[in-house]
Amino acid sequence: MDSDTHQPGPTLRRLRLLLRIKQADLAERLGVTQATVSRWERGALAMTVDQQAAAWRLLACRPDPAQDAALRRLVESSMAKVHLICDRTHRLLAASPARHAEWRVTASEMIGCSLLRYASPDILAAEASLAARGWHDGHISQFVVDTGPNSDPVIPIQPSRVLWERLTLADGSAGRLVTTLD
């Protein structure tokens with residue numbers, strides 16, 4: 001399930017929260033303590049192969065790639081300046097024509113590439129504040145960011161106000177919809 005099989009904790013936590021299962025409930029079903037589940041999720045304790053298999057069976061969800069395809073189509077057909085990235089890696093998943101019209105490259109050239117290297121100092125500061133705000137824990141799902149310019153010739157960013165919206169993709173990972181508000 002997790003791209004890094006040595007660190008299944010973040011995926012375990014994400015799926016557990018997605019299914020609204022408490023750590024204590026999962027622990028009981030797996031025959032371990034709540035503290036053990038907590039340590040797994042933080043990466044402080046490794047899961048055995050059997051424990052991983054049991055956890056994945058309990059949390060099994062069937063990803064629906066059609067959901068992500070529909071979301072991508074909506075973004076790509078939007079009249080707004082909007083793009084969708086992977087929340088963890090910042091890889092571009094989709095961009096509207098209005099968004100990539102500002103770029104010196106086509107959206108297809110950027111699909112799968114991290115946009116973080118193009119971020120302005122304001123965006124990087126907002127990104128650094130997300131953990132403290134509870135973004136990754138699901139305490140907030142949207143955040144307005146005032147951006148300054150980045151002076152990049154390939155993907156220039158103009159001063160603006162953008163809305164970041166966190167959403168769950170079909171595989172359980174987080175995506176971020178970025179919409180320019182002004």
# chains A, B, ... in the order shown; residues from 1 in each chain; ligands from 1

call {"tool": "residues_around", "arguments": {"residues": "A:Glu109", "least_positions_apart": "5", "cutoff": "12 Å", "atoms": "only C-alpha atoms", "output": "list in words"}}
result
Arg91, Leu92, Leu93, Ala94, Ala95, His100, Trp103, Arg104, Ser114, Leu115, Val154 and Ile155 of chain A

call {"tool": "residues_around", "arguments": {"residues": "A:Ala27", "least_positions_apart": "5", "cutoff": "8 Å", "atoms": "only C-alpha atoms", "output": "ChimeraX atom specification"}}
result
/A:32-34,36-37

call {"tool": "closest_residue", "arguments": {"among": "A:Ala128, A:Ser151, A:Leu15, A:Ile85", "to": "A:Trp164", "atoms": "only C-alpha atoms"}}
result
A:Ile85

call {"tool": "select_by_dssp", "arguments": {"residues": "stretch 21-177 of chain A", "states": "alpha helix (DSSP H)", "output": "number ranges by chain"}}
result
A: 23-30, 34-42, 49-58, 65-77, 97-100, 107-110, 121-133

call {"tool": "atom_distance", "arguments": {"atom1": "atom CA of A:Ile21", "atom2": "atom CA of A:Leu59"}}
result
9.2 Å

call {"tool": "residues_around", "arguments": {"residues": "A:Ser160", "least_positions_apart": "6", "cutoff": "10 Å", "atoms": "only C-alpha atoms", "output": "list in words"}}
result
Val145, Asp146, Thr147, Gly148, Pro149, Thr180, Leu181 and Asp182 of chain A

call {"tool": "residues_around", "arguments": {"residues": "stretch 67-70 of chain A", "least_positions_apart": "2", "cutoff": "12 Å", "atoms": "only C-alpha atoms", "output": "list in words"}}
result
Arg62, Pro63, Asp64, Pro65, Arg72, Arg73, Leu74, Val75, Glu76, Ser77, Leu84, Ile85, Cys86, Leu93, Ala94, Leu167, Thr168, Leu169, Ala170, Asp171, Gly172, Ser173, Ala174 and Gly175 of chain A

call {"tool": "atom_distance", "arguments": {"atom1": "atom CA of A:Ser96", "atom2": "atom CA of A:His136"}}
result
25.3 Å

call {"tool": "select_by_dssp", "arguments": {"residues": "stretch 88-145 of chain A", "states": "strand (DSSP E)", "output": "list in words"}}
result
Leu92, Leu93, Ala94, Ala95, Gln142, Phe143, Val144 and Val145 of chain A

call {"tool": "decode", "arguments": {"residues": "stretch 70-97 of chain A", "atoms": "N, CA and C atoms", "output": "short mmCIF file (atom, residue, chain, number, x, y, z; two decimals), in the first residue's frame"}}
result
data_model
loop_
_atom_site.label_atom_id
_atom_site.label_comp_id
_atom_site.auth_asym_id
_atom_site.auth_seq_id
_atom_site.Cartn_x
_atom_site.Cartn_y
_atom_site.Cartn_z
N ALA A 70 -11.91 11.81 -12.92
CA ALA A 70 -12.97 12.82 -12.98
C ALA A 70 -12.47 14.14 -12.39
N LEU A 71 -11.76 14.08 -11.28
CA LEU A 71 -11.21 15.28 -10.67
C LEU A 71 -10.21 15.95 -11.62
N ARG A 72 -9.36 15.15 -12.25
CA ARG A 72 -8.39 15.69 -13.20
C ARG A 72 -9.10 16.39 -14.36
N ARG A 73 -10.18 15.77 -14.88
CA ARG A 73 -10.94 16.39 -15.98
C ARG A 73 -11.56 17.71 -15.54
N LEU A 74 -12.08 17.76 -14.32
CA LEU A 74 -12.67 19.00 -13.82
C LEU A 74 -11.61 20.10 -13.72
N VAL A 75 -10.45 19.77 -13.20
CA VAL A 75 -9.38 20.76 -13.09
C VAL A 75 -8.96 21.21 -14.49
N GLU A 76 -8.74 20.26 -15.39
CA GLU A 76 -8.25 20.59 -16.74
C GLU A 76 -9.27 21.36 -17.58
N SER A 77 -10.54 21.31 -17.21
CA SER A 77 -11.55 22.04 -17.97
C SER A 77 -12.02 23.31 -17.24
N SER A 78 -11.46 23.58 -16.08
CA SER A 78 -11.87 24.75 -15.31
C SER A 78 -11.44 26.04 -15.99
N MET A 79 -12.27 27.06 -15.87
CA MET A 79 -11.94 28.40 -16.38
C MET A 79 -11.09 29.17 -15.37
N ALA A 80 -11.05 28.69 -14.13
CA ALA A 80 -10.29 29.36 -13.07
C ALA A 80 -8.82 28.99 -13.16
N LYS A 81 -7.98 29.78 -12.51
CA LYS A 81 -6.57 29.45 -12.39
C LYS A 81 -6.46 28.45 -11.25
N VAL A 82 -6.34 27.18 -11.61
CA VAL A 82 -6.34 26.11 -10.61
C VAL A 82 -5.40 24.99 -11.05
N HIS A 83 -4.78 24.36 -10.06
CA HIS A 83 -4.01 23.16 -10.34
C HIS A 83 -4.10 22.21 -9.16
N LEU A 84 -3.81 20.94 -9.42
CA LEU A 84 -3.89 19.88 -8.43
C LEU A 84 -2.51 19.26 -8.30
N ILE A 85 -2.05 19.15 -7.04
CA ILE A 85 -0.75 18.53 -6.78
C ILE A 85 -0.90 17.44 -5.74
N CYS A 86 0.08 16.56 -5.66
CA CYS A 86 0.19 15.61 -4.56
C CYS A 86 0.59 16.43 -3.34
N ASP A 87 -0.12 16.30 -2.24
CA ASP A 87 0.14 17.13 -1.07
C ASP A 87 1.51 16.83 -0.46
N ARG A 88 2.00 15.62 -0.59
CA ARG A 88 3.27 15.24 0.02
C ARG A 88 4.47 15.60 -0.85
N THR A 89 4.39 15.31 -2.14
CA THR A 89 5.55 15.48 -3.03
C THR A 89 5.48 16.76 -3.86
N HIS A 90 4.31 17.39 -3.91
CA HIS A 90 4.07 18.59 -4.72
C HIS A 90 4.15 18.32 -6.23
N ARG A 91 4.08 17.04 -6.61
CA ARG A 91 4.06 16.70 -8.04
C ARG A 91 2.76 17.19 -8.66
N LEU A 92 2.86 17.77 -9.83
CA LEU A 92 1.68 18.26 -10.53
C LEU A 92 0.86 17.09 -11.06
N LEU A 93 -0.44 17.10 -10.75
CA LEU A 93 -1.36 16.06 -11.23
C LEU A 93 -2.26 16.57 -12.34
N ALA A 94 -2.60 17.86 -12.29
CA ALA A 94 -3.46 18.46 -13.32
C ALA A 94 -3.40 19.97 -13.19
N ALA A 95 -3.65 20.67 -14.32
CA ALA A 95 -3.67 22.13 -14.31
C ALA A 95 -4.70 22.63 -15.31
N SER A 96 -5.37 23.70 -14.96
CA SER A 96 -6.35 24.31 -15.86
C SER A 96 -5.62 25.09 -16.95
N PRO A 97 -6.29 25.31 -18.09
CA PRO A 97 -5.68 26.13 -19.15
C PRO A 97 -5.32 27.54 -18.66
#
